[in-house]
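Q: Dropping in query19.cif, which is mmCIF, N, CA and C atoms and all ligand atoms:
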data_target
loop_
_atom_site.label_atom_id
_atom_site.label_comp_id
_atom_site.auth_asym_id
_atom_site.auth_seq_id
_atom_site.Cartn_x
_atom_site.Cartn_y
_atom_site.Cartn_z
N MET A 1248 -51.38 13.38 -61.20
CA MET A 1248 -51.27 13.44 -59.73
C MET A 1248 -50.62 12.18 -59.18
N LEU A 1249 -50.66 11.13 -59.98
CA LEU A 1249 -50.08 9.88 -59.49
C LEU A 1249 -48.57 9.85 -59.71
N ASN A 1250 -47.85 10.72 -59.05
CA ASN A 1250 -46.38 10.62 -59.09
C ASN A 1250 -45.86 10.27 -57.70
N GLY A 1251 -44.57 10.05 -57.59
CA GLY A 1251 -43.98 9.62 -56.32
C GLY A 1251 -43.94 10.69 -55.25
N ASN A 1252 -43.99 11.99 -55.66
CA ASN A 1252 -43.86 13.06 -54.67
C ASN A 1252 -44.95 13.01 -53.61
N GLY A 1253 -46.20 12.80 -54.06
CA GLY A 1253 -47.32 12.75 -53.12
C GLY A 1253 -47.14 11.64 -52.11
N LEU A 1254 -46.73 10.48 -52.58
CA LEU A 1254 -46.51 9.35 -51.67
C LEU A 1254 -45.36 9.62 -50.71
N ALA A 1255 -44.31 10.28 -51.23
CA ALA A 1255 -43.16 10.57 -50.37
C ALA A 1255 -43.56 11.51 -49.24
N ILE A 1256 -44.35 12.55 -49.58
CA ILE A 1256 -44.81 13.50 -48.55
C ILE A 1256 -45.72 12.79 -47.55
N ALA A 1257 -46.62 11.96 -48.09
CA ALA A 1257 -47.52 11.21 -47.19
C ALA A 1257 -46.72 10.32 -46.26
N GLY A 1258 -45.72 9.68 -46.79
CA GLY A 1258 -44.87 8.82 -45.96
C GLY A 1258 -44.15 9.60 -44.88
N LEU A 1259 -43.66 10.78 -45.26
CA LEU A 1259 -42.97 11.65 -44.31
C LEU A 1259 -43.90 12.07 -43.18
N VAL A 1260 -45.13 12.47 -43.57
CA VAL A 1260 -46.12 12.90 -42.56
C VAL A 1260 -46.45 11.72 -41.63
N MET A 1261 -46.69 10.58 -42.22
CA MET A 1261 -47.03 9.41 -41.40
C MET A 1261 -45.87 9.04 -40.48
N GLY A 1262 -44.66 9.12 -41.00
CA GLY A 1262 -43.48 8.80 -40.18
C GLY A 1262 -43.37 9.72 -39.00
N CYS A 1263 -43.52 11.04 -39.25
CA CYS A 1263 -43.44 12.02 -38.15
C CYS A 1263 -44.56 11.79 -37.15
N THR A 1264 -45.78 11.50 -37.67
CA THR A 1264 -46.93 11.28 -36.79
C THR A 1264 -46.68 10.08 -35.88
N SER A 1265 -46.19 8.98 -36.48
CA SER A 1265 -45.98 7.79 -35.65
C SER A 1265 -44.86 8.01 -34.64
N PHE A 1266 -43.83 8.79 -35.06
CA PHE A 1266 -42.76 9.10 -34.11
C PHE A 1266 -43.31 9.88 -32.92
N LEU A 1267 -44.17 10.88 -33.22
CA LEU A 1267 -44.79 11.67 -32.14
C LEU A 1267 -45.68 10.79 -31.27
N MET A 1268 -46.41 9.86 -31.90
CA MET A 1268 -47.29 8.97 -31.14
C MET A 1268 -46.49 8.13 -30.15
N ILE A 1269 -45.35 7.60 -30.64
CA ILE A 1269 -44.50 6.79 -29.76
C ILE A 1269 -44.00 7.63 -28.60
N LEU A 1270 -43.63 8.87 -28.90
CA LEU A 1270 -43.15 9.78 -27.86
C LEU A 1270 -44.24 10.04 -26.82
N VAL A 1271 -45.48 10.32 -27.30
CA VAL A 1271 -46.59 10.62 -26.39
C VAL A 1271 -46.92 9.38 -25.55
N ILE A 1272 -46.97 8.20 -26.20
CA ILE A 1272 -47.28 6.97 -25.46
C ILE A 1272 -46.21 6.70 -24.41
N GLY A 1273 -44.96 6.95 -24.78
CA GLY A 1273 -43.86 6.76 -23.82
C GLY A 1273 -44.01 7.68 -22.62
N MET A 1274 -44.38 8.95 -22.89
CA MET A 1274 -44.55 9.90 -21.79
C MET A 1274 -45.70 9.48 -20.89
N LEU A 1275 -46.82 9.04 -21.51
CA LEU A 1275 -47.97 8.58 -20.71
C LEU A 1275 -47.58 7.38 -19.85
N ALA A 1276 -46.81 6.46 -20.42
CA ALA A 1276 -46.39 5.27 -19.67
C ALA A 1276 -45.50 5.68 -18.50
N ALA A 1277 -44.62 6.68 -18.75
CA ALA A 1277 -43.72 7.13 -17.68
C ALA A 1277 -44.51 7.71 -16.52
N ILE A 1278 -45.67 8.31 -16.81
CA ILE A 1278 -46.52 8.86 -15.75
C ILE A 1278 -47.34 7.75 -15.10
N ALA A 1279 -47.89 6.85 -15.93
CA ALA A 1279 -48.86 5.87 -15.42
C ALA A 1279 -48.20 4.72 -14.67
N VAL A 1280 -47.03 4.27 -15.09
CA VAL A 1280 -46.43 3.07 -14.49
C VAL A 1280 -46.11 3.25 -13.00
N PRO A 1281 -45.48 4.37 -12.59
CA PRO A 1281 -45.25 4.51 -11.13
C PRO A 1281 -46.55 4.57 -10.34
N ASP A 1282 -47.62 5.19 -10.92
CA ASP A 1282 -48.92 5.21 -10.26
C ASP A 1282 -49.44 3.79 -10.10
N PHE A 1283 -49.29 2.99 -11.13
CA PHE A 1283 -49.77 1.61 -11.08
C PHE A 1283 -49.01 0.83 -10.01
N VAL A 1284 -47.70 1.02 -9.96
CA VAL A 1284 -46.88 0.31 -8.97
C VAL A 1284 -47.30 0.72 -7.56
N ARG A 1285 -47.55 2.03 -7.37
CA ARG A 1285 -47.97 2.52 -6.06
C ARG A 1285 -49.33 1.97 -5.68
N ALA A 1286 -50.27 1.96 -6.64
CA ALA A 1286 -51.62 1.45 -6.37
C ALA A 1286 -51.57 -0.03 -6.02
N ARG A 1287 -50.71 -0.76 -6.72
CA ARG A 1287 -50.59 -2.19 -6.46
C ARG A 1287 -50.04 -2.44 -5.05
N ALA A 1288 -49.03 -1.65 -4.66
CA ALA A 1288 -48.46 -1.81 -3.32
C ALA A 1288 -49.49 -1.46 -2.25
N ALA A 1289 -50.30 -0.41 -2.51
CA ALA A 1289 -51.32 -0.02 -1.54
C ALA A 1289 -52.38 -1.11 -1.40
N ALA A 1290 -52.76 -1.72 -2.52
CA ALA A 1290 -53.76 -2.80 -2.47
C ALA A 1290 -53.22 -4.01 -1.71
N GLN A 1291 -51.94 -4.32 -1.96
CA GLN A 1291 -51.33 -5.45 -1.25
C GLN A 1291 -51.24 -5.16 0.24
N GLN A 1292 -50.93 -3.91 0.57
CA GLN A 1292 -50.83 -3.52 1.97
C GLN A 1292 -52.19 -3.69 2.67
N ALA A 1293 -53.26 -3.23 1.99
CA ALA A 1293 -54.59 -3.33 2.58
C ALA A 1293 -55.00 -4.79 2.75
N ALA A 1294 -54.74 -5.61 1.73
CA ALA A 1294 -55.11 -7.02 1.82
C ALA A 1294 -54.26 -7.72 2.88
N GLY A 1295 -52.98 -7.35 2.97
CA GLY A 1295 -52.10 -7.94 3.98
C GLY A 1295 -52.57 -7.58 5.38
N ALA A 1296 -52.99 -6.33 5.57
CA ALA A 1296 -53.49 -5.89 6.87
C ALA A 1296 -54.76 -6.65 7.24
N ALA A 1297 -55.65 -6.84 6.25
CA ALA A 1297 -56.89 -7.59 6.50
C ALA A 1297 -56.58 -9.03 6.89
N ASN A 1298 -55.58 -9.63 6.24
CA ASN A 1298 -55.19 -11.00 6.58
C ASN A 1298 -54.68 -11.08 8.02
N LEU A 1299 -53.86 -10.11 8.41
CA LEU A 1299 -53.31 -10.14 9.77
C LEU A 1299 -54.43 -10.00 10.81
N LYS A 1300 -55.41 -9.14 10.52
CA LYS A 1300 -56.56 -8.99 11.42
C LYS A 1300 -57.34 -10.30 11.51
N ALA A 1301 -57.54 -10.94 10.35
CA ALA A 1301 -58.30 -12.20 10.32
C ALA A 1301 -57.54 -13.28 11.09
N LEU A 1302 -56.21 -13.32 10.95
CA LEU A 1302 -55.42 -14.31 11.69
C LEU A 1302 -55.53 -14.09 13.19
N GLU A 1303 -55.51 -12.81 13.58
CA GLU A 1303 -55.63 -12.49 15.00
C GLU A 1303 -56.99 -12.96 15.53
N GLY A 1304 -58.05 -12.75 14.73
CA GLY A 1304 -59.38 -13.21 15.12
C GLY A 1304 -59.44 -14.72 15.25
N ALA A 1305 -58.82 -15.41 14.29
CA ALA A 1305 -58.83 -16.88 14.31
C ALA A 1305 -58.08 -17.39 15.54
N LYS A 1306 -56.98 -16.72 15.89
CA LYS A 1306 -56.24 -17.10 17.10
C LYS A 1306 -57.11 -16.93 18.33
N GLY A 1307 -57.85 -15.80 18.38
CA GLY A 1307 -58.72 -15.53 19.52
C GLY A 1307 -59.79 -16.60 19.69
N ILE A 1308 -60.39 -17.00 18.58
CA ILE A 1308 -61.42 -18.06 18.63
C ILE A 1308 -60.80 -19.37 19.13
N TRP A 1309 -59.64 -19.70 18.60
CA TRP A 1309 -58.94 -20.93 19.00
C TRP A 1309 -58.65 -20.91 20.50
N ALA A 1310 -58.15 -19.75 20.99
CA ALA A 1310 -57.80 -19.65 22.41
C ALA A 1310 -59.04 -19.79 23.30
N LEU A 1311 -60.16 -19.18 22.86
CA LEU A 1311 -61.40 -19.27 23.63
C LEU A 1311 -61.91 -20.70 23.66
N GLU A 1312 -61.95 -21.32 22.48
CA GLU A 1312 -62.52 -22.66 22.37
C GLU A 1312 -61.71 -23.70 23.12
N HIS A 1313 -60.40 -23.49 23.21
CA HIS A 1313 -59.54 -24.50 23.83
C HIS A 1313 -58.93 -24.03 25.14
N LYS A 1314 -59.48 -22.92 25.69
CA LYS A 1314 -59.03 -22.39 26.98
C LYS A 1314 -57.51 -22.23 27.01
N LYS A 1315 -56.99 -21.53 26.01
CA LYS A 1315 -55.53 -21.34 25.91
C LYS A 1315 -55.10 -20.10 26.67
N GLN A 1316 -53.82 -20.04 27.00
CA GLN A 1316 -53.26 -18.93 27.78
C GLN A 1316 -52.42 -18.02 26.88
N ASP A 1317 -51.95 -16.93 27.46
CA ASP A 1317 -51.16 -15.91 26.74
C ASP A 1317 -49.94 -16.51 26.05
N TRP A 1318 -49.33 -17.49 26.67
CA TRP A 1318 -48.08 -18.03 26.15
C TRP A 1318 -48.28 -19.16 25.14
N ASP A 1319 -49.52 -19.61 24.96
CA ASP A 1319 -49.79 -20.69 24.00
C ASP A 1319 -49.73 -20.16 22.56
N THR A 1320 -49.15 -20.98 21.68
CA THR A 1320 -49.02 -20.61 20.27
C THR A 1320 -49.78 -21.62 19.42
N PRO A 1321 -50.73 -21.15 18.60
CA PRO A 1321 -51.43 -22.10 17.72
C PRO A 1321 -50.54 -22.52 16.56
N THR A 1322 -50.79 -23.72 16.05
CA THR A 1322 -50.11 -24.16 14.83
C THR A 1322 -51.08 -23.98 13.65
N ASP A 1323 -50.58 -24.18 12.43
CA ASP A 1323 -51.45 -24.10 11.26
C ASP A 1323 -52.62 -25.07 11.38
N ASN A 1324 -52.35 -26.26 11.95
CA ASN A 1324 -53.41 -27.28 12.09
C ASN A 1324 -54.50 -26.85 13.06
N ASP A 1325 -54.16 -25.96 14.01
CA ASP A 1325 -55.16 -25.48 14.97
C ASP A 1325 -56.13 -24.49 14.33
N LEU A 1326 -55.66 -23.72 13.35
CA LEU A 1326 -56.47 -22.63 12.80
C LEU A 1326 -57.08 -22.94 11.45
N PHE A 1327 -56.39 -23.72 10.62
CA PHE A 1327 -56.84 -23.89 9.23
C PHE A 1327 -57.28 -25.31 8.97
N GLY A 1328 -58.39 -25.43 8.22
CA GLY A 1328 -58.89 -26.75 7.83
C GLY A 1328 -60.38 -26.85 8.06
N ASP A 1329 -60.97 -27.98 7.70
CA ASP A 1329 -62.40 -28.19 7.89
C ASP A 1329 -62.74 -28.17 9.37
N GLY A 1330 -63.78 -27.40 9.73
CA GLY A 1330 -64.21 -27.31 11.11
C GLY A 1330 -63.35 -26.38 11.96
N LYS A 1331 -62.33 -25.76 11.37
CA LYS A 1331 -61.49 -24.81 12.10
C LYS A 1331 -61.98 -23.39 11.80
N SER A 1332 -61.31 -22.39 12.38
CA SER A 1332 -61.71 -21.00 12.17
C SER A 1332 -61.65 -20.63 10.69
N MET A 1333 -60.64 -21.12 9.99
CA MET A 1333 -60.48 -20.80 8.57
C MET A 1333 -60.31 -22.09 7.79
N ARG A 1334 -61.02 -22.15 6.66
CA ARG A 1334 -60.97 -23.36 5.85
C ARG A 1334 -59.58 -23.55 5.24
N GLU A 1335 -59.00 -22.42 4.75
CA GLU A 1335 -57.69 -22.51 4.10
C GLU A 1335 -56.72 -21.54 4.74
N LYS A 1336 -55.45 -21.90 4.68
CA LYS A 1336 -54.41 -21.03 5.21
C LYS A 1336 -54.34 -19.75 4.38
N LEU A 1337 -54.23 -18.61 5.06
CA LEU A 1337 -54.14 -17.33 4.35
C LEU A 1337 -52.77 -17.18 3.71
N VAL A 1338 -52.76 -16.52 2.55
CA VAL A 1338 -51.52 -16.29 1.82
C VAL A 1338 -51.31 -14.79 1.70
N CYS A 1339 -50.12 -14.33 2.03
CA CYS A 1339 -49.81 -12.91 1.92
C CYS A 1339 -49.82 -12.50 0.44
N PRO A 1340 -50.52 -11.40 0.08
CA PRO A 1340 -50.58 -10.97 -1.32
C PRO A 1340 -49.22 -10.51 -1.84
N ALA A 1341 -48.29 -10.18 -0.95
CA ALA A 1341 -46.98 -9.73 -1.41
C ALA A 1341 -45.93 -10.84 -1.27
N GLY A 1342 -46.36 -12.05 -0.99
CA GLY A 1342 -45.43 -13.18 -0.92
C GLY A 1342 -44.73 -13.33 0.42
N GLY A 1343 -45.19 -12.61 1.44
CA GLY A 1343 -44.59 -12.74 2.78
C GLY A 1343 -45.01 -14.05 3.45
N THR A 1344 -44.32 -14.38 4.54
CA THR A 1344 -44.71 -15.57 5.30
C THR A 1344 -45.23 -15.12 6.66
N TYR A 1345 -46.26 -15.82 7.14
CA TYR A 1345 -46.88 -15.46 8.40
C TYR A 1345 -46.29 -16.27 9.56
N THR A 1346 -46.05 -15.57 10.67
CA THR A 1346 -45.69 -16.21 11.91
C THR A 1346 -46.85 -15.98 12.87
N LEU A 1347 -47.46 -17.05 13.38
CA LEU A 1347 -48.68 -16.89 14.18
C LEU A 1347 -48.41 -16.26 15.55
N ASN A 1348 -47.25 -16.58 16.15
CA ASN A 1348 -46.85 -16.03 17.47
C ASN A 1348 -47.75 -16.52 18.60
N PRO A 1349 -47.25 -16.43 19.85
CA PRO A 1349 -48.09 -16.77 21.01
C PRO A 1349 -49.27 -15.81 21.13
N MET A 1350 -50.26 -16.16 21.95
CA MET A 1350 -51.48 -15.35 22.06
C MET A 1350 -51.20 -13.92 22.50
N ARG A 1351 -50.18 -13.69 23.31
CA ARG A 1351 -49.92 -12.34 23.83
C ARG A 1351 -49.38 -11.41 22.76
N GLU A 1352 -48.98 -11.96 21.60
CA GLU A 1352 -48.38 -11.15 20.54
C GLU A 1352 -49.17 -11.35 19.25
N PRO A 1353 -49.42 -10.26 18.50
CA PRO A 1353 -50.19 -10.42 17.26
C PRO A 1353 -49.38 -11.18 16.19
N PRO A 1354 -50.07 -11.80 15.22
CA PRO A 1354 -49.35 -12.49 14.15
C PRO A 1354 -48.51 -11.49 13.33
N ARG A 1355 -47.44 -12.02 12.71
CA ARG A 1355 -46.53 -11.15 11.97
C ARG A 1355 -46.39 -11.65 10.54
N CYS A 1356 -46.27 -10.70 9.62
CA CYS A 1356 -45.97 -11.02 8.22
C CYS A 1356 -44.55 -10.54 7.93
N SER A 1357 -43.78 -11.35 7.19
CA SER A 1357 -42.39 -10.98 6.92
C SER A 1357 -42.30 -9.75 6.01
N VAL A 1358 -43.38 -9.43 5.28
CA VAL A 1358 -43.37 -8.24 4.42
C VAL A 1358 -44.12 -7.08 5.08
N HIS A 1359 -45.32 -7.35 5.64
CA HIS A 1359 -46.19 -6.29 6.13
C HIS A 1359 -46.03 -6.01 7.62
N GLY A 1360 -45.22 -6.80 8.31
CA GLY A 1360 -45.01 -6.53 9.73
C GLY A 1360 -46.15 -7.02 10.58
N GLN A 1361 -46.49 -6.26 11.62
CA GLN A 1361 -47.50 -6.72 12.56
C GLN A 1361 -48.22 -5.54 13.18
N PHE A 1362 -49.45 -5.76 13.61
CA PHE A 1362 -50.22 -4.68 14.23
C PHE A 1362 -49.74 -4.45 15.65
N LYS A 1363 -49.38 -3.20 15.94
CA LYS A 1363 -49.05 -2.79 17.30
C LYS A 1363 -49.85 -1.53 17.58
N ASP A 1364 -50.69 -1.57 18.59
CA ASP A 1364 -51.55 -0.44 18.95
C ASP A 1364 -52.39 0.02 17.76
N GLY A 1365 -52.92 -0.92 17.01
CA GLY A 1365 -53.79 -0.59 15.89
C GLY A 1365 -53.09 -0.11 14.64
N GLU A 1366 -51.74 0.02 14.68
CA GLU A 1366 -50.99 0.46 13.52
C GLU A 1366 -50.16 -0.69 12.99
N LEU A 1367 -50.01 -0.74 11.65
CA LEU A 1367 -49.13 -1.75 11.08
C LEU A 1367 -47.69 -1.32 11.29
N ASN A 1368 -46.95 -2.18 11.93
CA ASN A 1368 -45.54 -1.91 12.24
C ASN A 1368 -44.71 -2.65 11.20
N ARG A 1369 -44.39 -1.97 10.11
CA ARG A 1369 -43.78 -2.65 8.97
C ARG A 1369 -42.27 -2.80 9.13
N PRO A 1370 -41.75 -4.01 8.86
CA PRO A 1370 -40.32 -4.24 9.03
C PRO A 1370 -39.48 -3.37 8.09
N ASP A 1371 -39.97 -3.11 6.85
CA ASP A 1371 -39.17 -2.33 5.90
C ASP A 1371 -39.10 -0.86 6.28
N LEU A 1372 -40.02 -0.39 7.16
CA LEU A 1372 -39.99 1.00 7.56
C LEU A 1372 -39.14 1.20 8.82
N ASN A 1373 -38.83 0.10 9.48
CA ASN A 1373 -38.10 0.21 10.75
C ASN A 1373 -36.62 -0.07 10.61
N ARG A 1374 -36.18 -0.38 9.39
CA ARG A 1374 -34.79 -0.71 9.19
C ARG A 1374 -33.92 0.51 9.25
ZN ZN B 1401 -48.02 -9.72 4.13
#
Translate the structure of the given file into structure tokens.
Ligand SMILES: [Zn+2]

A:
Amino acid sequence: MLNGNGLAIAGLVMGCTSFLMILVIGMLAAIAVPDFVRARAAAQQAAGAANLKALEGAKGIWALEHKKQDWDTPTDNDLFGDGKSMREKLVCPAGGTYTLNPMREPPRCSVHGQFKDGELNRPDLNR
């Protein structure tokens, strides 16, 4: 029984099996990767929206505490740091930059846009 034929057949079977495995794994990856990318974007969107809400709250506290008007604009030093509304400056999860804006306008993210009437007004959707 110890001849080369058995090993050759076993090798052939293993080769075909591994080829099929690579094919199946590739197909699974083709399905899973876009889902992962979409889930990641949705998570970033949710975290970005939460950050914008938090920034708006911090601006409101600053305006109340310092009797600011609609046209006043807080700086990073007004909102972030020890004894301020937020200990650390918020960072956009998608790498956007925040513009605090005057009190009459909500803060804006260069990636996630800004809240208008309770909805996120995204710059990439308005182009
Ligand atoms: Zn953002």

Q: So how many Å separate atom C of Gly1360 of chain A and atom N of Lys1300 of chain A, to one decimal?

A: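 Value for the atom C of Gly1360 of chain A-atom N of Lys1300 of chain A distance: 9.5 Å.
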
Q: With distances taken over only C-alpha atoms and all ligand atoms, which residue among A:Ala1257, A:Leu1367, A:Ile1278, A:Val1284 lies nearest ligand ZN 1401 (chain B)?

A: A:Leu1367

Q: Using only N, CA and C atoms and all ligand atoms, tabulate the residues of chain A lying at most 6 Å from any atom of ligand ZN 1401 (chain B), each with its closest atom pair and that distance in Å to one decimal, by chain and increasing residue number, as CSV.

A:
residue,atom,partner,partner_atom,distance
A:Gly1295,CA,B:ZN1401,ZN,4.5
A:Cys1339,CA,B:ZN1401,ZN,4.3
A:Pro1340,N,B:ZN1401,ZN,5.0
A:Ala1341,N,B:ZN1401,ZN,5.1
A:Gly1342,N,B:ZN1401,ZN,5.9
A:Gly1343,CA,B:ZN1401,ZN,4.8
A:Thr1344,N,B:ZN1401,ZN,6.0
A:Cys1356,CA,B:ZN1401,ZN,4.8
A:Ser1357,N,B:ZN1401,ZN,5.5
A:Val1358,N,B:ZN1401,ZN,4.8
A:His1359,N,B:ZN1401,ZN,3.9
A:Gly1360,N,B:ZN1401,ZN,5.8

Q: Is it possible to get the axis-aligned box enclosing segment 1308-1317 of chain A (all listed atoms, 3 Å extra per side) as AutoDock Vina command-line options, with centre and edge lengths in Å rounded to one decimal?

A:
--center_x -56.2 --center_y -20.2 --center_z 23.2 --size_x 18.6 --size_y 14.6 --size_z 15.2

Q: What separation in Å, quoted to one decimal, exists between atom C of Asp1329 of chain A and atom C of Pro1354 of chain A?

A: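 Distance reported for this atom pair: 22.3 Å.
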
Q: Running DSSP on the backbone, which parts of chain A land in strand (DSSP E), as a compact mmCIF listing (two decimals) with N, CA and C atoms, in the coordinates of the input?

A:
# COMPACT_ATOMS: atom_id res chain seq x y z
N TYR A 1345 -46.26 -15.82 7.14
CA TYR A 1345 -46.88 -15.46 8.40
C TYR A 1345 -46.29 -16.27 9.56
N THR A 1346 -46.05 -15.57 10.67
CA THR A 1346 -45.69 -16.21 11.91
C THR A 1346 -46.85 -15.98 12.87
N ARG A 1355 -47.44 -12.02 12.71
CA ARG A 1355 -46.53 -11.15 11.97
C ARG A 1355 -46.39 -11.65 10.54
N CYS A 1356 -46.27 -10.70 9.62
CA CYS A 1356 -45.97 -11.02 8.22
C CYS A 1356 -44.55 -10.54 7.93
N GLY A 1360 -45.22 -6.80 8.31
CA GLY A 1360 -45.01 -6.53 9.73
C GLY A 1360 -46.15 -7.02 10.58
N GLN A 1361 -46.49 -6.26 11.62
CA GLN A 1361 -47.50 -6.72 12.56
C GLN A 1361 -48.22 -5.54 13.18
N PHE A 1362 -49.45 -5.76 13.61
CA PHE A 1362 -50.22 -4.68 14.23
C PHE A 1362 -49.74 -4.45 15.65
N LYS A 1363 -49.38 -3.20 15.94
CA LYS A 1363 -49.05 -2.79 17.30
C LYS A 1363 -49.85 -1.53 17.58
N GLU A 1366 -51.74 0.02 14.68
CA GLU A 1366 -50.99 0.46 13.52
C GLU A 1366 -50.16 -0.69 12.99
N LEU A 1367 -50.01 -0.74 11.65
CA LEU A 1367 -49.13 -1.75 11.08
C LEU A 1367 -47.69 -1.32 11.29
N ASN A 1368 -46.95 -2.18 11.93
CA ASN A 1368 -45.54 -1.91 12.24
C ASN A 1368 -44.71 -2.65 11.20

Q: Distance atom CA of Leu1326 of chain A-atom CA of Asp1364 of chain A, one decimal place?

A: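 A separation of 23.5 Å between them.
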
Q: Write out as a PyMOL selection string all residues of segment 1260-1373 of chain A that DSSP puts in helix (DSSP H, G or I) for this structure's backbone.

A: chain A and resi 1260-1312+1323-1326+1370-1372

Q: Please determine, counting all atoms listed in the file, which residue among A:Val1280, A:Asn1298, A:Leu1275, A:Met1350 has the shortest atom-to-atom distance to Val1338 of chain A.

A: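 Using all atoms listed in the file, the shortest distance to Val1338 of chain A belongs to A:Asn1298.
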
Q: Pick from A:Ala1310, A:Met1268, A:Leu1254, A:Ala1305: nearest to Ser1332 of chain A, with all atoms listed in the file counted?

A: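 Residue with the minimum atom-to-atom distance to Ser1332 of chain A: A:Ala1305.
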
Q: Could you check the closest approach to Arg1351 of chain A for each of A:Thr1264, A:Asn1252, A:Gln1292, A:Gln1316 and tell me which residue wins, using all atoms listed in the file?

A: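 Counting all atoms listed in the file, the residue closest to Arg1351 of chain A is A:Gln1316.
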
Q: Which one is closest to Trp1318 of chain A: A:Asn1348, A:Ala1276, A:Ala1294, A:Arg1355? Count only N, CA and C atoms.

A: A:Asn1348

Q: Write out as a PyMOL selection string the residues lying within 8 Å of Glu1352 of chain A, counting all atoms listed in the file and excluding same-chain residues fewer than 5 positions away.

A: chain A and resi 1303+1317-1318+1347+1362
